$ cat data-v8.tsv   # TSV, C-alpha atoms and all ligand atoms
chain	number	residue	atom	x	y	z
A	275	MET	CA	81.02	40.53	112.93
A	276	ARG	CA	84.38	41.41	111.39
A	277	VAL	CA	86.94	38.63	111.90
A	278	ALA	CA	90.77	38.78	111.72
A	279	ASP	CA	93.61	36.57	112.93
A	280	ALA	CA	94.91	39.39	115.11
A	281	ILE	CA	93.46	42.68	116.29
A	282	VAL	CA	95.80	45.41	117.51
A	283	VAL	CA	94.20	48.12	119.65
A	284	GLY	CA	96.13	51.36	119.20
A	285	GLY	CA	98.22	52.65	116.29
A	286	GLY	CA	101.13	54.34	118.11
A	287	PRO	CA	104.68	52.98	117.67
A	288	ALA	CA	103.97	49.87	119.79
A	289	GLY	CA	100.83	48.90	117.86
A	290	SER	CA	102.04	49.75	114.36
A	291	THR	CA	105.32	47.87	114.90
A	292	CYS	CA	103.53	44.78	116.16
A	293	ALA	CA	100.97	44.95	113.32
A	294	TRP	CA	103.75	45.35	110.73
A	295	LYS	CA	105.55	42.20	111.88
A	296	LEU	CA	102.34	40.15	112.21
A	297	ARG	CA	101.29	41.11	108.69
A	298	GLU	CA	104.78	40.27	107.36
A	299	ALA	CA	104.43	36.82	108.91
A	300	GLY	CA	101.20	36.29	106.96
A	301	LEU	CA	98.54	37.00	109.60
A	302	GLU	CA	95.43	38.92	108.70
A	303	VAL	CA	95.63	41.96	110.98
A	304	LEU	CA	93.06	44.59	111.87
A	305	LEU	CA	94.18	47.69	113.76
A	306	LEU	CA	91.64	49.77	115.69
A	307	ASP	CA	92.41	53.29	116.86
A	308	ARG	CA	89.97	55.75	118.37
A	309	GLU	CA	91.59	58.55	116.37
A	310	ALA	CA	91.89	59.15	112.65
A	311	PHE	CA	95.52	59.30	111.51
A	312	PRO	CA	97.52	61.46	111.19
A	313	ARG	CA	96.75	62.28	114.82
A	314	VAL	CA	98.45	64.48	117.37
A	315	LYS	CA	100.34	62.65	120.11
A	316	LEU	CA	101.79	64.65	122.97
A	317	CYS	CA	105.49	63.80	122.91
A	318	ALA	CA	108.83	65.60	122.64
A	319	GLY	CA	109.63	63.27	119.74
A	320	TRP	CA	113.18	62.35	120.74
A	321	VAL	CA	114.09	59.11	118.97
A	322	THR	CA	117.24	57.07	119.48
A	323	PRO	CA	119.36	55.38	116.80
A	324	GLU	CA	118.49	52.04	118.49
A	325	ALA	CA	114.78	52.64	117.93
A	326	LEU	CA	115.37	53.32	114.22
A	327	THR	CA	117.46	50.16	113.98
A	328	ASP	CA	114.62	48.16	115.55
A	329	LEU	CA	112.34	49.63	112.91
A	330	GLU	CA	114.85	48.58	110.20
A	331	LEU	CA	115.14	52.22	109.14
A	332	GLU	CA	118.11	54.38	108.27
A	333	PRO	CA	117.64	58.06	109.11
A	334	ASP	CA	117.79	58.89	105.38
A	335	ASP	CA	114.96	56.41	104.67
A	336	LEU	CA	112.49	58.34	106.77
A	337	PRO	CA	110.03	60.27	104.62
A	338	VAL	CA	109.32	62.56	107.58
A	339	GLY	CA	111.22	65.55	108.92
A	340	LEU	CA	114.15	64.56	111.13
A	341	VAL	CA	116.63	66.71	113.07
A	342	THR	CA	119.95	65.12	114.03
A	343	PHE	CA	121.77	66.07	117.23
A	344	ASP	CA	125.40	65.10	117.69
A	345	GLU	CA	125.44	66.25	121.29
A	346	LEU	CA	122.93	67.16	123.95
A	347	GLU	CA	122.98	70.30	126.09
A	348	LEU	CA	122.34	69.12	129.66
A	349	HIS	CA	121.81	71.77	132.34
A	350	TRP	CA	121.78	71.33	136.09
A	351	LYS	CA	121.80	74.46	138.24
A	352	MET	CA	124.76	76.55	136.99
A	353	PHE	CA	126.42	73.64	135.20
A	354	THR	CA	126.11	72.65	131.57
A	355	SER	CA	127.62	69.61	129.96
A	356	SER	CA	127.48	68.66	126.30
A	357	PRO	CA	128.02	64.91	126.00
A	358	ARG	CA	128.49	63.67	122.47
A	359	SER	CA	125.62	61.40	121.56
A	360	ARG	CA	123.83	61.03	118.25
A	361	GLN	CA	120.07	61.39	118.71
A	362	TYR	CA	117.13	62.48	116.56
A	363	SER	CA	113.89	64.42	116.80
A	364	ILE	CA	110.73	63.75	114.79
A	365	ARG	CA	107.19	65.08	114.89
A	366	ARG	CA	104.94	62.32	116.21
A	367	VAL	CA	102.05	63.44	114.03
A	368	GLU	CA	104.18	62.53	110.97
A	369	PHE	CA	106.23	59.65	112.38
A	370	ASP	CA	103.28	57.62	113.72
A	371	ASP	CA	101.33	58.13	110.50
A	372	PHE	CA	104.27	56.90	108.44
A	373	LEU	CA	104.78	53.81	110.64
A	374	LEU	CA	101.10	52.95	110.50
A	375	ARG	CA	100.96	53.25	106.72
A	376	ARG	CA	104.11	51.17	106.44
A	377	ALA	CA	102.51	48.43	108.54
A	378	ASP	CA	100.13	47.99	105.60
A	379	VAL	CA	97.23	46.54	107.59
A	380	VAL	CA	93.54	47.42	107.65
A	381	VAL	CA	93.06	50.37	110.02
A	382	LEU	CA	89.63	51.32	111.33
A	383	GLN	CA	88.74	54.29	113.46
A	384	HIS	CA	87.00	52.75	116.45
A	385	ARG	CA	87.16	53.47	120.18
A	386	VAL	CA	87.34	50.08	121.89
A	387	GLN	CA	85.17	49.88	124.98
A	388	SER	CA	84.36	46.31	125.90
A	389	ILE	CA	86.27	43.10	125.32
A	390	ARG	CA	85.26	39.57	126.25
A	391	ARG	CA	86.62	36.10	125.72
A	392	ASN	CA	84.54	33.73	123.68
A	393	GLY	CA	85.82	30.20	123.24
A	394	GLY	CA	89.45	30.70	122.32
A	395	ASP	CA	88.72	34.07	120.70
A	396	TYR	CA	88.30	37.68	121.75
A	397	VAL	CA	85.21	39.70	120.89
A	398	ILE	CA	85.42	43.49	120.88
A	399	ASP	CA	82.28	45.61	121.26
A	400	ASP	CA	80.30	42.76	119.68
A	401	LYS	CA	81.68	43.94	116.33
A	402	PHE	CA	85.15	42.42	115.95
A	403	ARG	CA	86.50	38.94	116.63
A	404	CYS	CA	90.08	37.60	116.64
A	405	ARG	CA	92.31	34.81	117.89
A	406	TYR	CA	95.17	37.11	118.97
A	407	LEU	CA	94.61	40.41	120.73
A	408	VAL	CA	97.31	43.06	121.22
A	409	GLY	CA	96.75	45.96	123.62
A	410	ALA	CA	98.72	48.97	122.37
A	411	GLY	CA	96.27	51.63	123.51
A	412	GLY	CA	98.70	53.61	125.67
A	413	THR	CA	98.18	54.45	129.34
A	414	ARG	CA	94.40	53.93	129.21
A	415	CYS	CA	94.51	50.83	127.03
A	416	PRO	CA	91.25	48.85	127.25
A	417	VAL	CA	93.09	45.52	126.87
A	418	TYR	CA	95.24	46.37	129.91
A	419	ARG	CA	92.17	47.49	131.84
A	420	THR	CA	90.22	44.32	131.04
A	421	PHE	CA	92.79	41.56	131.40
A	422	PHE	CA	95.92	42.87	133.15
A	423	HIS	CA	95.03	45.69	135.52
A	424	GLU	CA	94.43	43.49	138.56
A	425	ARG	CA	97.30	41.08	138.06
A	426	ASN	CA	99.83	43.64	136.91
A	427	PRO	CA	98.92	46.94	138.58
A	428	ARG	CA	101.11	49.90	137.67
A	429	ARG	CA	102.73	51.62	140.65
A	430	SER	CA	101.72	55.21	141.30
A	431	ALA	CA	105.34	56.00	142.28
A	432	LEU	CA	106.25	55.35	138.64
A	433	GLN	CA	103.64	57.64	137.11
A	434	THR	CA	104.83	60.74	135.27
A	435	ALA	CA	102.96	64.00	134.79
A	436	THR	CA	103.94	66.01	131.73
A	437	TRP	CA	103.05	69.25	130.03
A	438	GLU	CA	104.14	70.33	126.60
A	439	GLN	CA	103.45	72.26	123.44
A	440	GLU	CA	104.60	71.82	119.87
A	441	PHE	CA	104.21	74.78	117.54
A	442	ALA	CA	105.57	76.46	114.45
A	443	TYR	CA	108.54	78.59	115.48
A	444	ASP	CA	111.50	79.97	113.61
A	445	TRP	CA	114.08	78.54	116.02
A	446	LYS	CA	117.70	79.68	115.84
A	447	ASP	CA	119.39	77.29	118.27
A	448	ALA	CA	119.51	73.83	116.67
A	449	SER	CA	120.58	72.01	119.87
A	450	CYS	CA	118.44	69.87	122.12
A	451	HIS	CA	118.45	71.35	125.66
A	452	LEU	CA	117.42	69.55	128.84
A	453	TRP	CA	117.20	71.22	132.28
A	454	PHE	CA	117.16	68.86	135.26
A	455	PHE	CA	115.44	69.63	138.59
A	456	ASP	CA	115.00	73.36	137.86
A	457	ASP	CA	113.14	75.18	140.64
A	458	GLY	CA	112.75	71.85	142.46
A	459	LEU	CA	110.92	70.12	139.57
A	460	PRO	CA	111.20	66.34	140.22
A	461	GLY	CA	112.02	65.77	136.56
A	462	TYR	CA	113.25	67.79	133.63
A	463	ALA	CA	112.27	70.40	131.06
A	464	TRP	CA	113.15	70.29	127.38
A	465	TYR	CA	113.63	72.37	124.23
A	466	VAL	CA	113.59	70.17	121.12
A	467	PRO	CA	113.84	71.77	117.67
A	468	LYS	CA	111.99	69.92	114.92
A	469	ASP	CA	112.30	69.94	111.16
A	470	ASN	CA	110.33	72.35	108.97
A	471	GLY	CA	110.23	75.14	111.55
A	472	TYR	CA	108.58	73.45	114.51
A	473	ILE	CA	109.61	73.30	118.12
A	474	ASN	CA	108.56	71.25	121.12
A	475	VAL	CA	108.98	72.60	124.64
A	476	GLY	CA	107.76	70.89	127.77
A	477	LEU	CA	108.42	69.58	131.22
A	478	GLY	CA	107.64	66.50	133.21
A	479	GLY	CA	108.18	64.91	136.56
A	480	MET	CA	107.05	62.12	138.81
A	481	ALA	CA	103.39	62.73	139.69
A	482	ASP	CA	103.64	61.55	143.33
A	483	GLN	CA	106.70	63.68	144.01
A	484	LEU	CA	105.02	66.71	142.42
A	485	LYS	CA	101.99	66.19	144.64
A	486	ARG	CA	104.13	65.85	147.77
A	487	LYS	CA	105.96	69.06	146.97
A	488	GLY	CA	102.60	70.80	146.59
A	489	GLY	CA	103.94	72.46	143.44
A	490	ARG	CA	101.57	72.83	140.53
A	491	ILE	CA	102.80	71.99	137.09
A	492	ARG	CA	101.31	75.28	135.87
A	493	GLU	CA	103.73	77.19	138.15
A	494	TYR	CA	106.73	75.24	136.90
A	495	TRP	CA	105.55	75.97	133.38
A	496	SER	CA	105.41	79.72	133.85
A	497	LYS	CA	108.96	79.74	135.30
A	498	PHE	CA	110.12	77.60	132.40
A	499	ALA	CA	108.53	79.94	129.82
A	500	ASP	CA	110.36	82.85	131.52
A	501	LYS	CA	113.63	80.97	131.31
A	502	LEU	CA	113.13	80.27	127.59
A	503	LYS	CA	112.44	83.93	126.99
A	504	LYS	CA	115.34	85.28	129.09
A	505	SER	CA	117.81	82.86	127.53
A	506	GLY	CA	116.71	84.00	124.07
A	507	LEU	CA	115.74	80.46	123.04
A	508	VAL	CA	112.00	81.02	122.61
A	509	ASP	CA	110.13	84.29	122.71
A	510	TYR	CA	106.50	83.22	122.51
A	511	ASN	CA	103.38	84.59	124.12
A	512	ASP	CA	100.65	82.17	123.12
A	513	TYR	CA	101.40	79.05	125.17
A	514	ARG	CA	98.56	76.53	125.47
A	515	PRO	CA	100.28	73.47	126.86
A	516	ALA	CA	98.50	70.16	127.30
A	517	GLY	CA	99.23	67.34	129.71
A	518	TYR	CA	99.47	63.56	129.62
A	519	SER	CA	100.63	60.88	131.99
A	520	TYR	CA	102.48	57.62	131.43
A	521	PHE	CA	104.39	55.08	133.49
A	522	LEU	CA	108.02	54.14	133.90
A	523	ARG	CA	108.92	50.46	133.80
A	524	GLY	CA	107.74	48.62	136.90
A	525	SER	CA	108.53	45.17	138.22
A	526	GLY	CA	105.30	43.50	137.02
A	527	ASP	CA	106.03	41.12	134.19
A	528	ILE	CA	102.61	39.67	133.36
A	529	VAL	CA	102.30	40.95	129.82
A	530	SER	CA	100.49	38.11	128.12
A	531	ASP	CA	97.55	35.99	129.11
A	532	ARG	CA	96.40	33.18	126.82
A	533	ASN	CA	96.35	35.00	123.44
A	534	ALA	CA	96.15	38.56	124.78
A	535	TYR	CA	99.28	40.73	124.90
A	536	ILE	CA	100.10	44.24	126.08
A	537	VAL	CA	102.84	46.45	124.65
A	538	GLY	CA	104.28	49.97	125.03
A	539	ASP	CA	102.66	52.47	127.40
A	540	SER	CA	99.87	50.05	128.07
A	541	VAL	CA	102.43	48.06	130.10
A	542	GLY	CA	104.31	51.15	131.29
A	543	LEU	CA	107.82	50.71	129.90
A	544	ALA	CA	109.47	54.14	129.88
A	545	THR	CA	113.09	54.25	131.02
A	546	HIS	CA	113.98	55.27	134.58
A	547	ASP	CA	116.61	57.85	133.67
A	548	MET	CA	115.15	59.71	130.67
A	549	CYS	CA	111.49	58.61	130.63
A	550	GLU	CA	112.03	57.42	127.05
A	551	GLY	CA	108.97	55.51	125.86
A	552	ILE	CA	109.17	55.28	122.06
A	553	GLY	CA	112.10	52.83	121.90
A	554	PRO	CA	110.64	50.46	124.53
A	555	ALA	CA	107.23	50.65	122.81
A	556	ILE	CA	108.76	49.60	119.48
A	557	ARG	CA	110.84	46.82	121.06
A	558	SER	CA	107.83	45.42	122.93
A	559	GLY	CA	105.77	45.44	119.71
A	560	LEU	CA	108.49	43.36	118.02
A	561	LEU	CA	108.72	40.93	120.92
A	562	ALA	CA	104.95	40.42	121.15
A	563	ALA	CA	104.70	39.83	117.39
A	564	ASN	CA	107.53	37.32	117.57
A	565	SER	CA	105.80	35.49	120.38
A	566	ILE	CA	102.52	35.28	118.44
A	567	VAL	CA	104.25	34.10	115.27
A	568	SER	CA	106.81	31.70	116.73
A	569	GLY	CA	105.25	30.66	120.03
A	570	ALA	CA	108.32	31.97	121.90
A	571	GLU	CA	107.69	33.37	125.37
A	572	TYR	CA	106.86	37.09	125.40
A	573	SER	CA	109.20	38.55	127.99
A	574	LEU	CA	110.38	42.08	128.76
A	575	ASP	CA	113.94	40.90	129.41
A	576	GLY	CA	115.19	42.39	126.13
A	577	ILE	CA	113.95	45.87	127.02
A	578	GLY	CA	116.34	48.02	129.06
A	579	ARG	CA	115.27	50.05	132.10
A	580	PHE	CA	117.71	52.84	131.24
A	581	SER	CA	118.34	54.92	128.14
A	582	GLY	CA	121.97	55.54	129.09
A	583	SER	CA	124.59	53.22	130.52
A	584	GLY	CA	126.76	55.34	132.83
A	585	TRP	CA	126.58	56.33	136.49
A	586	ALA	CA	124.63	59.51	135.66
A	587	SER	CA	121.80	57.38	134.24
A	588	ARG	CA	121.70	55.27	137.42
A	589	LEU	CA	121.65	58.42	139.53
A	590	LEU	CA	118.81	59.94	137.51
A	591	GLY	CA	116.87	56.68	137.64
A	592	ARG	CA	117.20	56.59	141.41
A	593	ARG	CA	116.06	60.19	141.69
A	594	PHE	CA	113.01	59.67	139.42
A	595	ALA	CA	111.91	56.12	140.12
A	596	GLY	CA	113.59	55.40	143.47
A	597	ALA	CA	114.88	51.89	144.13
A	598	GLN	CA	112.25	50.02	142.12
B	601	LIG	C1	104.80	65.07	126.96
B	601	LIG	C2	105.47	63.77	126.60
B	601	LIG	C3	106.74	63.78	126.05
B	601	LIG	C4	107.36	62.57	125.70
B	601	LIG	N1	108.57	62.62	125.08
B	601	LIG	C5	109.17	61.48	124.69
B	601	LIG	C6	110.35	61.51	123.90
B	601	LIG	O1	110.85	62.59	123.55
B	601	LIG	N2	110.92	60.33	123.54
B	601	LIG	C7	110.39	59.13	123.93
B	601	LIG	O2	110.98	58.09	123.60
B	601	LIG	N3	109.24	59.06	124.62
B	601	LIG	C8	108.60	60.19	124.98
B	601	LIG	N4	107.39	60.15	125.61
B	601	LIG	C9	106.76	58.83	125.82
B	601	LIG	C10	106.15	58.31	124.53
B	601	LIG	O3	105.35	59.32	123.93
B	601	LIG	C11	105.28	57.07	124.77
B	601	LIG	O4	105.96	56.19	125.63
B	601	LIG	C12	104.96	56.35	123.46
B	601	LIG	O5	104.13	57.14	122.65
B	601	LIG	C13	104.27	55.02	123.73
B	601	LIG	O6	103.80	54.49	122.51
B	601	LIG	P1	102.52	53.52	122.47
B	601	LIG	O7	102.42	53.06	121.07
B	601	LIG	O8	102.60	52.55	123.57
B	601	LIG	O9	101.27	54.46	122.85
B	601	LIG	P2	100.68	55.74	122.12
B	601	LIG	O10	101.68	56.36	121.27
B	601	LIG	O11	100.05	56.55	123.21
B	601	LIG	O12	99.53	55.15	121.19
B	601	LIG	C14	98.34	54.65	121.74
B	601	LIG	C15	97.25	54.70	120.69
B	601	LIG	O13	96.10	54.02	121.21
B	601	LIG	C16	94.94	54.71	120.83
B	601	LIG	N5	93.88	54.37	121.79
B	601	LIG	C17	93.82	54.68	123.11
B	601	LIG	N6	92.70	54.19	123.66
B	601	LIG	C18	92.03	53.55	122.67
B	601	LIG	C19	90.80	52.85	122.61
B	601	LIG	N7	90.02	52.71	123.69
B	601	LIG	N8	90.41	52.31	121.43
B	601	LIG	C20	91.20	52.46	120.33
B	601	LIG	N9	92.36	53.13	120.33
B	601	LIG	C21	92.78	53.65	121.48
B	601	LIG	C22	95.36	56.18	120.87
B	601	LIG	O14	94.54	56.99	120.06
B	601	LIG	C23	96.81	56.11	120.36
B	601	LIG	O15	96.87	56.32	118.97
B	601	LIG	C24	106.72	61.33	125.96
B	601	LIG	C25	105.45	61.31	126.51
B	601	LIG	C26	104.81	62.52	126.82
B	601	LIG	C27	103.42	62.49	127.38
$ encode --input "data-v8.tsv" --output "structure tokens" --more "lines below"
Ligand SMILES: Cc1cc2nc3c(=O)[nH]c(=O)nc-3n(C[C@H](O)[C@H](O)[C@H](O)COP(=O)(O)OP(=O)(O)OC[C@H]3O[C@@H](n4cnc5c(N)ncnc54)[C@H](O)[C@@H]3O)c2cc1C
Amino acid sequence: MRVADAIVVGGGPAGSTCAWKLREAGLEVLLLDREAFPRVKLCAGWVTPEALTDLELEPDDLPVGLVTFDELELHWKMFTSSPRSRQYSIRRVEFDDFLLRRADVVVLQHRVQSIRRNGGDYVIDDKFRCRYLVGAGGTRCPVYRTFFHERNPRRSALQTATWEQEFAYDWKDASCHLWFFDDGLPGYAWYVPKDNGYINVGLGGMADQLKRKGGRIREYWSKFADKLKKSGLVDYNDYRPAGYSYFLRGSGDIVSDRNAYIVGDSVGLATHDMCEGIGPAIRSGLLAANSIVSGAEYSLDGIGRFSGSGWASRLLGRRFAGAQ
């Protein structure tokens, strides 16, 4: 049996951030991920300045490709607005690998299946044992499933359905474009240029609303691909998009139980207006680590429900998540 002070399940931004801070505080940390890093993670890769600040990183410190946007191109029907706002894009395959290496903890490729309590400890698959257990395994996190699912169920009204593809493309337009509610999509579509000649295009919406409308995401995708072509942004004929689902922040706040904690998508923390999940994942990893190290309560109070602060954010949040 391999023993550590803390075991973190999942090496995305939530898990690597938590592991980093636990190791800095002197705990022996083992991180288990079912995938070998660098691994592909479906994600548009939009990162906010606040998330980099939480990671104690300056944009220039990042040894991974970064594109900086000083404004966003927001489209709704015939209208376009270009609010000034500094934001960044990264490729998750590089970003997550960098964060995990920076955490400087032992990482093992292992798909966690069963977890049980034993005395004051946790035993994973009869192979690993720890005092503190952190569930950072994303939407299907086994720690969430085992200890939190019943007491903190995620609400289906807050579930997103997304489709996207990232590929090498010699993009010409260096702006980040977002199209809201096109063709009745209960969400938005995006065009996000990445460094070193990559691009990420995709769309997402609220799964329940999509189902009610009877629209299939595949149909929205083909209209979106047409739009990209007609607008001259992307002329590409080999789309093979893939899908993933995650949850916006709900009202359940049971995120720790004895010495087990859940962070990031395993809780479901994405913002109600922009469905931003990376920043909340990082922040929750920091808060959980602080709770383990200092004994402070682990609470989600320091994690915002919105990416923006104005009326447009509230309006979008209401449209996506309803009055939650
Ligand atoms: C299409 C799409 C676009 C998005 N775009 C953005 C965006 O532009 N900006 C933004 O802020 N957010 C975006 N998000 C949301 C964001 O990707 C997530 O909120 C974020 O990755 C959550 O991080 P995490 O560390 O909680 O989980 P993840 O990044 O999902 O990491 C979970 C890790 O756990 C591992 N794992 C899972 N199960 C097990 C197991 N049983 N045993 C061991 N390991 C396991 C996985 O391999 C994975 O490495 C997007 C999401 C999608 C699907």
$ closest_atom_pairs --input "data-v8.tsv" --of "chain A" --to "ligand LIG 601 (chain B)" --cutoff "6 Å" --atoms "all atoms listed in the file" --output "JSON lines"
{"residue": "A:Val283", "atom": "CA", "partner": "B:LIG601", "partner_atom": "C20", "distance": 5.3}
{"residue": "A:Gly284", "atom": "CA", "partner": "B:LIG601", "partner_atom": "O13", "distance": 3.3}
{"residue": "A:Gly285", "atom": "CA", "partner": "B:LIG601", "partner_atom": "O15", "distance": 4.7}
{"residue": "A:Gly286", "atom": "CA", "partner": "B:LIG601", "partner_atom": "O7", "distance": 3.5}
{"residue": "A:Pro287", "atom": "CA", "partner": "B:LIG601", "partner_atom": "O7", "distance": 4.1}
{"residue": "A:Ala288", "atom": "CA", "partner": "B:LIG601", "partner_atom": "O7", "distance": 3.8}
{"residue": "A:Gly289", "atom": "CA", "partner": "B:LIG601", "partner_atom": "O7", "distance": 5.5}
{"residue": "A:Leu306", "atom": "CA", "partner": "B:LIG601", "partner_atom": "C20", "distance": 5.4}
{"residue": "A:Asp307", "atom": "CA", "partner": "B:LIG601", "partner_atom": "N9", "distance": 3.5}
{"residue": "A:Arg308", "atom": "CA", "partner": "B:LIG601", "partner_atom": "C20", "distance": 4.0}
{"residue": "A:Glu309", "atom": "CA", "partner": "B:LIG601", "partner_atom": "O14", "distance": 5.0}
{"residue": "A:Leu316", "atom": "CA", "partner": "B:LIG601", "partner_atom": "C1", "distance": 5.0}
{"residue": "A:Cys317", "atom": "CA", "partner": "B:LIG601", "partner_atom": "C3", "distance": 3.4}
{"residue": "A:Ala318", "atom": "CA", "partner": "B:LIG601", "partner_atom": "O1", "distance": 3.7}
{"residue": "A:Gly319", "atom": "CA", "partner": "B:LIG601", "partner_atom": "O1", "distance": 4.1}
{"residue": "A:Trp320", "atom": "CA", "partner": "B:LIG601", "partner_atom": "O1", "distance": 3.7}
{"residue": "A:Val321", "atom": "CA", "partner": "B:LIG601", "partner_atom": "O2", "distance": 5.7}
{"residue": "A:His384", "atom": "CA", "partner": "B:LIG601", "partner_atom": "C20", "distance": 5.7}
{"residue": "A:Arg385", "atom": "CA", "partner": "B:LIG601", "partner_atom": "N8", "distance": 3.7}
{"residue": "A:Val386", "atom": "CA", "partner": "B:LIG601", "partner_atom": "N8", "distance": 3.8}
{"residue": "A:Gln387", "atom": "CA", "partner": "B:LIG601", "partner_atom": "N7", "distance": 5.8}
{"residue": "A:Ala410", "atom": "CA", "partner": "B:LIG601", "partner_atom": "O8", "distance": 5.4}
{"residue": "A:Gly411", "atom": "CA", "partner": "B:LIG601", "partner_atom": "O13", "distance": 3.3}
{"residue": "A:Gly412", "atom": "CA", "partner": "B:LIG601", "partner_atom": "O9", "distance": 3.9}
{"residue": "A:Arg414", "atom": "CA", "partner": "B:LIG601", "partner_atom": "N6", "distance": 5.8}
{"residue": "A:Cys415", "atom": "CA", "partner": "B:LIG601", "partner_atom": "N6", "distance": 5.1}
{"residue": "A:Pro416", "atom": "CA", "partner": "B:LIG601", "partner_atom": "N7", "distance": 5.4}
{"residue": "A:Thr436", "atom": "CA", "partner": "B:LIG601", "partner_atom": "C1", "distance": 4.9}
{"residue": "A:Trp437", "atom": "CA", "partner": "B:LIG601", "partner_atom": "C1", "distance": 5.5}
{"residue": "A:Glu438", "atom": "CA", "partner": "B:LIG601", "partner_atom": "C1", "distance": 5.3}
{"residue": "A:Tyr518", "atom": "CA", "partner": "B:LIG601", "partner_atom": "C27", "distance": 4.7}
{"residue": "A:Ser519", "atom": "CA", "partner": "B:LIG601", "partner_atom": "C27", "distance": 5.6}
{"residue": "A:Gly538", "atom": "CA", "partner": "B:LIG601", "partner_atom": "O8", "distance": 3.4}
{"residue": "A:Asp539", "atom": "CA", "partner": "B:LIG601", "partner_atom": "O8", "distance": 3.8}
{"residue": "A:Ser540", "atom": "CA", "partner": "B:LIG601", "partner_atom": "O8", "distance": 5.8}
{"residue": "A:Ala544", "atom": "CA", "partner": "B:LIG601", "partner_atom": "O4", "distance": 5.9}
{"residue": "A:Glu550", "atom": "CA", "partner": "B:LIG601", "partner_atom": "O2", "distance": 3.7}
{"residue": "A:Gly551", "atom": "CA", "partner": "B:LIG601", "partner_atom": "O4", "distance": 3.1}
{"residue": "A:Ile552", "atom": "CA", "partner": "B:LIG601", "partner_atom": "O2", "distance": 3.7}
{"residue": "A:Gly553", "atom": "CA", "partner": "B:LIG601", "partner_atom": "O2", "distance": 5.6}
{"residue": "A:Ala555", "atom": "CA", "partner": "B:LIG601", "partner_atom": "O8", "distance": 5.1}
$ closest_residue --input "data-v8.tsv" --among "A:Ile389, A:Thr545, A:Leu590, A:Phe521" --to "Arg419 (chain A)" --atoms "all atoms listed in the file"
A:Ile389
$ closest_residue --input "data-v8.tsv" --among "A:Tyr396, A:Ala570, A:Phe594, A:Leu374" --to "Pro460 (chain A)" --atoms "all atoms listed in the file"
A:Phe594
$ residues_near_point --input "data-v8.tsv" --point "(95.2, 41.2, 119.1)" --cutoff "6 Å" --atoms "only C-alpha atoms" --output "PDB file with C-alpha atoms, in the coordinates of the input"
ATOM      1  CA  ALA A 280      94.910  39.390 115.110  1.00  0.00           C
ATOM      2  CA  ILE A 281      93.460  42.680 116.290  1.00  0.00           C
ATOM      3  CA  VAL A 282      95.800  45.410 117.510  1.00  0.00           C
ATOM      4  CA  TYR A 406      95.170  37.110 118.970  1.00  0.00           C
ATOM      5  CA  LEU A 407      94.610  40.410 120.730  1.00  0.00           C
ATOM      6  CA  VAL A 408      97.310  43.060 121.220  1.00  0.00           C
TER       7      VAL A 408
END
$ closest_atom_pairs --input "data-v8.tsv" --of "region 401-452 of chain A" --to "region 482-489 of chain A" --cutoff "12 Å" --atoms "all atoms listed in the file" --output "tab-separated table"
residue	atom	partner	partner_atom	distance
A:Arg429	CA	A:Asp482	CA	10.3
A:Ser430	CA	A:Asp482	CA	6.9
A:Ala431	CA	A:Asp482	CA	5.9
A:Leu432	CA	A:Asp482	CA	8.2
A:Gln433	CA	A:Asp482	CA	7.3
A:Thr434	CA	A:Asp482	CA	8.2
A:Ala435	CA	A:Leu484	CA	8.4
A:Thr436	CA	A:Leu484	CA	10.8
$ closest_residue --input "data-v8.tsv" --among "A:Tyr535, A:Tyr513, A:Phe353, A:Phe402" --to "Leu452 (chain A)" --atoms "all atoms listed in the file"
A:Phe353
$ atom_distance --input "data-v8.tsv" --atom1 "CA of Gly596 (chain A)" --atom2 "CA of Ser581 (chain A)"
16.1 Å
$ atom_distance --input "data-v8.tsv" --atom1 "CA of Val541 (chain A)" --atom2 "CA of Asn426 (chain A)"
8.5 Å
$ closest_residue --input "data-v8.tsv" --among "A:Ser525, A:Ser359, A:Gln439, A:Ser530" --to "Gly569 (chain A)" --atoms "only C-alpha atoms"
A:Ser530
$ atom_distance --input "data-v8.tsv" --atom1 "CA of Gly524 (chain A)" --atom2 "CA of Tyr362 (chain A)"
26.3 Å
$ closest_residue --input "data-v8.tsv" --among "A:Asp378, A:Phe369, A:Asp444, A:Lys315" --to "Pro467 (chain A)" --atoms "all atoms listed in the file"
A:Asp444
$ residues_near_point --input "data-v8.tsv" --point "(112.1, 58.3, 107.6)" --cutoff "12 Å" --atoms "all atoms listed in the file" --output "list in words"
Val321, Leu326, Thr327, Leu329, Glu330, Leu331, Glu332, Pro333, Asp334, Asp335, Leu336, Pro337, Val338, Gly339, Leu340, Val341, Tyr362, Ser363, Ile364, Arg365, Arg366, Glu368, Phe369, Asp370, Asp371, Phe372, Leu373 and Arg376 of chain A
$ decode --input "data-v8.tsv" --residues "region 276-290 of chain A" --atoms "C-alpha atoms" --output "mmCIF file, in the first residue's frame"
data_model
loop_
_atom_site.group_PDB
_atom_site.id
_atom_site.type_symbol
_atom_site.label_atom_id
_atom_site.label_comp_id
_atom_site.auth_asym_id
_atom_site.auth_seq_id
_atom_site.Cartn_x
_atom_site.Cartn_y
_atom_site.Cartn_z
ATOM 1 C CA ARG A 276 1.367 3.401 -0.996
ATOM 2 C CA VAL A 277 0.825 6.005 1.744
ATOM 3 C CA ALA A 278 0.834 9.833 1.505
ATOM 4 C CA ASP A 279 -0.425 12.668 3.698
ATOM 5 C CA ALA A 280 -2.746 13.813 0.922
ATOM 6 C CA ILE A 281 -3.962 12.241 -2.302
ATOM 7 C CA VAL A 282 -5.361 14.461 -5.041
ATOM 8 C CA VAL A 283 -7.509 12.713 -7.654
ATOM 9 C CA GLY A 284 -7.238 14.596 -10.947
ATOM 10 C CA GLY A 285 -4.457 16.774 -12.361
ATOM 11 C CA GLY A 286 -6.451 19.573 -14.059
ATOM 12 C CA PRO A 287 -6.118 23.162 -12.782
ATOM 13 C CA ALA A 288 -8.116 22.435 -9.601
ATOM 14 C CA GLY A 289 -6.031 19.400 -8.628
ATOM 15 C CA SER A 290 -2.613 20.736 -9.604
#
